[in-house]
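Student: Quick one: this structure, given as C-alpha cells, is what I'll be asking you about.
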Amino acid sequence: MKTQTFFECQQCGECCNGYGGVFVTPEDIHAIADYLQTDRDHFIENYCQMSGTKPVIAQGPDGYCIFWDSEHQCTIHPVNPGMCRTWPFIKSVLTDIANWRIMASSCPGIRTGVSDDDLKAYIAQELSLIHT
Ligand code: SF4
Ligand code: SF4
C-alpha cells in the first residue's frame, strides 16, 4: 500500500501550533544552533522554554512555534527537530493504535478508516525506514 493512502501532509501548519512545544534532542540543538549561527546555550536561552528539565522550542503569543512564519513555512526546515521530521510516525502509535486516531483529530493529513493491522504494518515500516 502506498504511503499516501495513510498520510499526506496538507501543509496546514496545525502541528506547529500548540501541544506544549517541540522537544529538542542534543543533536537537534547542535544542528539548529549551527544553522542559526549561534551556540547551544544562546539557542536554549533565546529560542526554547523548559518543560520540566527538557528544552522545547518556544511558542509565540499566537501559540505557534517561533520558527513558523507568516508564509506558513518552517524557517529552520533544513534542520528541523527529529520530532517534526518523523511526525506522525511515532512509536506510541504501535503501542496503542488509538493514538493514530487521536492524532488524526488535529492533523488533516492523517487518514483513518483503515484496519488496525494495516496501520500497524505501515507505521512499523515507516519507523524502520526512519531509523535506518
Ligand atoms: S498538521 Fe498534519 S497535515 Fe497539517 S502540516 Fe502538520 S503534518 Fe501536515
Ligand atoms: S520547528 Fe518547524 S516544523 Fe517544527 S514545529 Fe517549529 S515550525 Fe513546525
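Residues are named by chain letter and number: chains run A, B, ... in the order of the C-alpha cells, numbers start at 1 in each chain, and ligands are numbered from 1 in the order shown.
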Using only C-alpha atoms and all ligand atoms, which residues have at least one atom no more than 7 Å from ligand 2? Output them as a PyMOL selection string.
Tutor: chain A and resi 13+15-16+22+65-68+73-77+80-81+84
Student: Mind dumping a table of every chain A residue within 10 Å of ligand 1, with the nearest atom pair and its distance in Å to one decimal, using only C-alpha atoms and all ligand atoms, sorted by chain and rising number, as a tab-separated table?
Tutor:
```
residue	atom	partner	partner_atom_place_in_ligand_line	distance
A:Phe7	CA	ligand 1	3 (S)	8.2
A:Glu8	CA	ligand 1	3 (S)	6.7
A:Cys9	CA	ligand 1	8 (Fe)	3.6
A:Gln10	CA	ligand 1	3 (S)	4.0
A:Gln11	CA	ligand 1	5 (S)	3.9
A:Cys12	CA	ligand 1	4 (Fe)	4.0
A:Gly13	CA	ligand 1	5 (S)	4.0
A:Glu14	CA	ligand 1	1 (S)	4.2
A:Cys15	CA	ligand 1	6 (Fe)	4.1
A:Cys16	CA	ligand 1	6 (Fe)	6.7
A:Asn17	CA	ligand 1	1 (S)	8.7
A:His72	CA	ligand 1	5 (S)	9.1
A:Gln73	CA	ligand 1	5 (S)	9.7
A:Cys84	CA	ligand 1	7 (S)	8.4
A:Arg85	CA	ligand 1	7 (S)	9.3
A:Thr86	CA	ligand 1	7 (S)	9.5
A:Trp87	CA	ligand 1	7 (S)	6.5
A:Pro88	CA	ligand 1	7 (S)	6.8
A:Met103	CA	ligand 1	2 (Fe)	8.7
A:Ala104	CA	ligand 1	2 (Fe)	7.9
A:Ser105	CA	ligand 1	1 (S)	9.3
A:Ser106	CA	ligand 1	1 (S)	6.2
A:Cys107	CA	ligand 1	1 (S)	3.8
A:Pro108	CA	ligand 1	3 (S)	4.8
A:Gly109	CA	ligand 1	3 (S)	3.8
A:Ile110	CA	ligand 1	2 (Fe)	6.6
```
Student: Keeping only C-alpha atoms, take the residues you just selected and write them out as a short mmCIF file (atom, residue, chain, number, x, y, z; two decimals), in the first residue's frame.
Tutor:
```cif
data_model
loop_
_atom_site.label_atom_id
_atom_site.label_comp_id
_atom_site.auth_asym_id
_atom_site.auth_seq_id
_atom_site.Cartn_x
_atom_site.Cartn_y
_atom_site.Cartn_z
CA PHE A 7 -0.70 10.05 5.39
CA GLU A 8 -0.29 13.02 3.11
CA CYS A 9 0.72 16.33 4.63
CA GLN A 10 -1.68 19.16 3.76
CA GLN A 11 0.83 21.86 4.79
CA CYS A 12 -1.73 23.39 7.14
CA GLY A 13 0.73 24.06 9.97
CA GLU A 14 -1.51 22.76 12.72
CA CYS A 15 1.26 20.53 14.05
CA CYS A 16 3.37 23.68 14.56
CA ASN A 17 0.69 25.17 16.80
CA HIS A 72 3.38 29.09 6.51
CA GLN A 73 6.92 27.89 6.34
CA CYS A 84 8.92 17.35 13.41
CA ARG A 85 10.65 15.28 10.73
CA THR A 86 9.20 11.98 11.84
CA TRP A 87 5.62 13.08 12.60
CA PRO A 88 3.22 11.27 12.51
CA MET A 103 -3.55 12.48 16.24
CA ALA A 104 -5.84 12.49 13.20
CA SER A 105 -8.23 14.80 15.02
CA SER A 106 -5.63 17.57 14.80
CA CYS A 107 -3.77 16.55 11.63
CA PRO A 108 -5.83 16.55 8.43
CA GLY A 109 -3.08 14.65 6.63
CA ILE A 110 -3.68 11.51 8.67
#
```
Student: Please give the complete set of residues from range 37-77 of chain A that DSSP, run on the backbone, assigns to strand (DSSP E or B), formatted as number ranges by chain.
Tutor: A: 48-51, 54-57, 59, 64-65, 68, 74
Student: How would the residues just picked look written out with N, CA and C atoms as a PDB file, in the first residue's frame?
Tutor:
```pdb
ATOM      1  N   CYS A  48      14.159  28.629  23.332  1.00  0.00           N
ATOM      2  CA  CYS A  48      13.494  27.486  23.973  1.00  0.00           C
ATOM      3  C   CYS A  48      12.793  27.900  25.259  1.00  0.00           C
ATOM      4  N   GLN A  49      11.884  27.021  25.687  1.00  0.00           N
ATOM      5  CA  GLN A  49      11.293  27.093  27.018  1.00  0.00           C
ATOM      6  C   GLN A  49      11.602  25.741  27.650  1.00  0.00           C
ATOM      7  N   MET A  50      11.546  25.678  28.977  1.00  0.00           N
ATOM      8  CA  MET A  50      11.807  24.404  29.627  1.00  0.00           C
ATOM      9  C   MET A  50      10.488  23.691  29.917  1.00  0.00           C
ATOM     10  N   SER A  51      10.488  22.407  29.625  1.00  0.00           N
ATOM     11  CA  SER A  51       9.361  21.559  30.000  1.00  0.00           C
ATOM     12  C   SER A  51       9.930  20.568  31.003  1.00  0.00           C
ATOM     13  N   LYS A  54      13.630  19.511  30.403  1.00  0.00           N
ATOM     14  CA  LYS A  54      13.993  19.398  28.988  1.00  0.00           C
ATOM     15  C   LYS A  54      13.582  20.641  28.198  1.00  0.00           C
ATOM     16  N   PRO A  55      14.461  21.073  27.276  1.00  0.00           N
ATOM     17  CA  PRO A  55      14.090  22.229  26.470  1.00  0.00           C
ATOM     18  C   PRO A  55      13.111  21.840  25.355  1.00  0.00           C
ATOM     19  N   VAL A  56      12.158  22.727  25.146  1.00  0.00           N
ATOM     20  CA  VAL A  56      11.273  22.592  23.981  1.00  0.00           C
ATOM     21  C   VAL A  56      11.366  23.907  23.227  1.00  0.00           C
ATOM     22  N   ILE A  57      11.113  23.859  21.939  1.00  0.00           N
ATOM     23  CA  ILE A  57      11.135  25.102  21.173  1.00  0.00           C
ATOM     24  C   ILE A  57      10.002  26.006  21.660  1.00  0.00           C
ATOM     25  N   GLN A  59       7.087  28.861  21.974  1.00  0.00           N
ATOM     26  CA  GLN A  59       5.933  29.235  21.160  1.00  0.00           C
ATOM     27  C   GLN A  59       5.729  30.738  21.263  1.00  0.00           C
ATOM     28  N   TYR A  64       1.877  29.447  18.010  1.00  0.00           N
ATOM     29  CA  TYR A  64       2.683  28.722  17.022  1.00  0.00           C
ATOM     30  C   TYR A  64       4.143  28.679  17.472  1.00  0.00           C
ATOM     31  N   CYS A  65       4.812  27.652  17.053  1.00  0.00           N
ATOM     32  CA  CYS A  65       6.259  27.550  17.212  1.00  0.00           C
ATOM     33  C   CYS A  65       6.904  28.833  16.684  1.00  0.00           C
ATOM     34  N   TRP A  68       7.775  29.113  12.998  1.00  0.00           N
ATOM     35  CA  TRP A  68       6.723  29.065  11.980  1.00  0.00           C
ATOM     36  C   TRP A  68       6.465  30.484  11.526  1.00  0.00           C
ATOM     37  N   CYS A  74       8.342  26.556   7.732  1.00  0.00           N
ATOM     38  CA  CYS A  74       9.252  26.346   8.855  1.00  0.00           C
ATOM     39  C   CYS A  74      10.568  27.027   8.499  1.00  0.00           C
TER      40      CYS A  74
END
```
Student: Which residues are close to Ala124 in chain A, i.e. within 10 Å by only C-alpha atoms, leaving aside same-chain residues fewer than 2 positions away? Reply as a PyMOL selection string.
Tutor: chain A and resi 89-91+93-94+118-122+126-130
Student: Using C-alpha atoms, can you export the residues from the last selection as a PDB file, in the first residue's frame?
Tutor:
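Below is the file that was written, part_32.pdb:
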```
ATOM      1  CA  PHE A  89       5.328   8.120  12.710  1.00  0.00           C
ATOM      2  CA  ILE A  90       5.886   7.769  16.417  1.00  0.00           C
ATOM      3  CA  LYS A  91       6.398   4.609  18.419  1.00  0.00           C
ATOM      4  CA  VAL A  93       1.149   4.539  17.834  1.00  0.00           C
ATOM      5  CA  LEU A  94       2.416   0.965  17.748  1.00  0.00           C
ATOM      6  CA  ASP A 118      -2.690  -2.453   8.026  1.00  0.00           C
ATOM      7  CA  LEU A 119      -1.936   0.632  10.046  1.00  0.00           C
ATOM      8  CA  LYS A 120       0.488  -1.154  12.380  1.00  0.00           C
ATOM      9  CA  ALA A 121       2.337  -2.769   9.488  1.00  0.00           C
ATOM     10  CA  TYR A 122       2.582   0.559   7.669  1.00  0.00           C
ATOM     11  CA  GLU A 126       7.893   3.831   8.167  1.00  0.00           C
ATOM     12  CA  LEU A 127       9.622   3.745  11.565  1.00  0.00           C
ATOM     13  CA  SER A 128      12.156   1.220  10.328  1.00  0.00           C
ATOM     14  CA  LEU A 129      12.930   3.487   7.363  1.00  0.00           C
ATOM     15  CA  ILE A 130      13.345   6.492   9.660  1.00  0.00           C
TER      16      ILE A 130
END
```
Student: Identify, on the basis of only C-alpha atoms, every residue whose closest approach to Thr112 in chain A does not exceed 8 Å; exclude the query and any residue fewer than 3 positions from it along the same chain; express the result as an MDAnalysis selection string.
Tutor: chainID A and resid 6 100:101 104
Student: Got a sec to tell me which of chain A DSSP assigns to helix (DSSP H, G or I), as a ChimeraX atom specification?
Tutor: /A:3-5,14-16,26-35,40-47,77-79,82-86,91-95,98-104,116-130
Student: I'd like the neighbourhood of Phe43 in chain A as a list in words, where a residue qualifies if any of its atoms comes within 12 Å (using only C-alpha atoms), though same-chain residues fewer than 2 positions away should be ignored.
Tutor: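 My reading of the contact set: Val24, Pro26, Asp28, Ile29, His30, Ala31, Ile32, Ala33, Asp34, Tyr35, Leu36, Gln37, Thr38, Asp39, Arg40, Asp41, Glu45, Asn46, Tyr47, Cys48, Gln49, Pro55, Val56, Ile57 and Ala58 of chain A.
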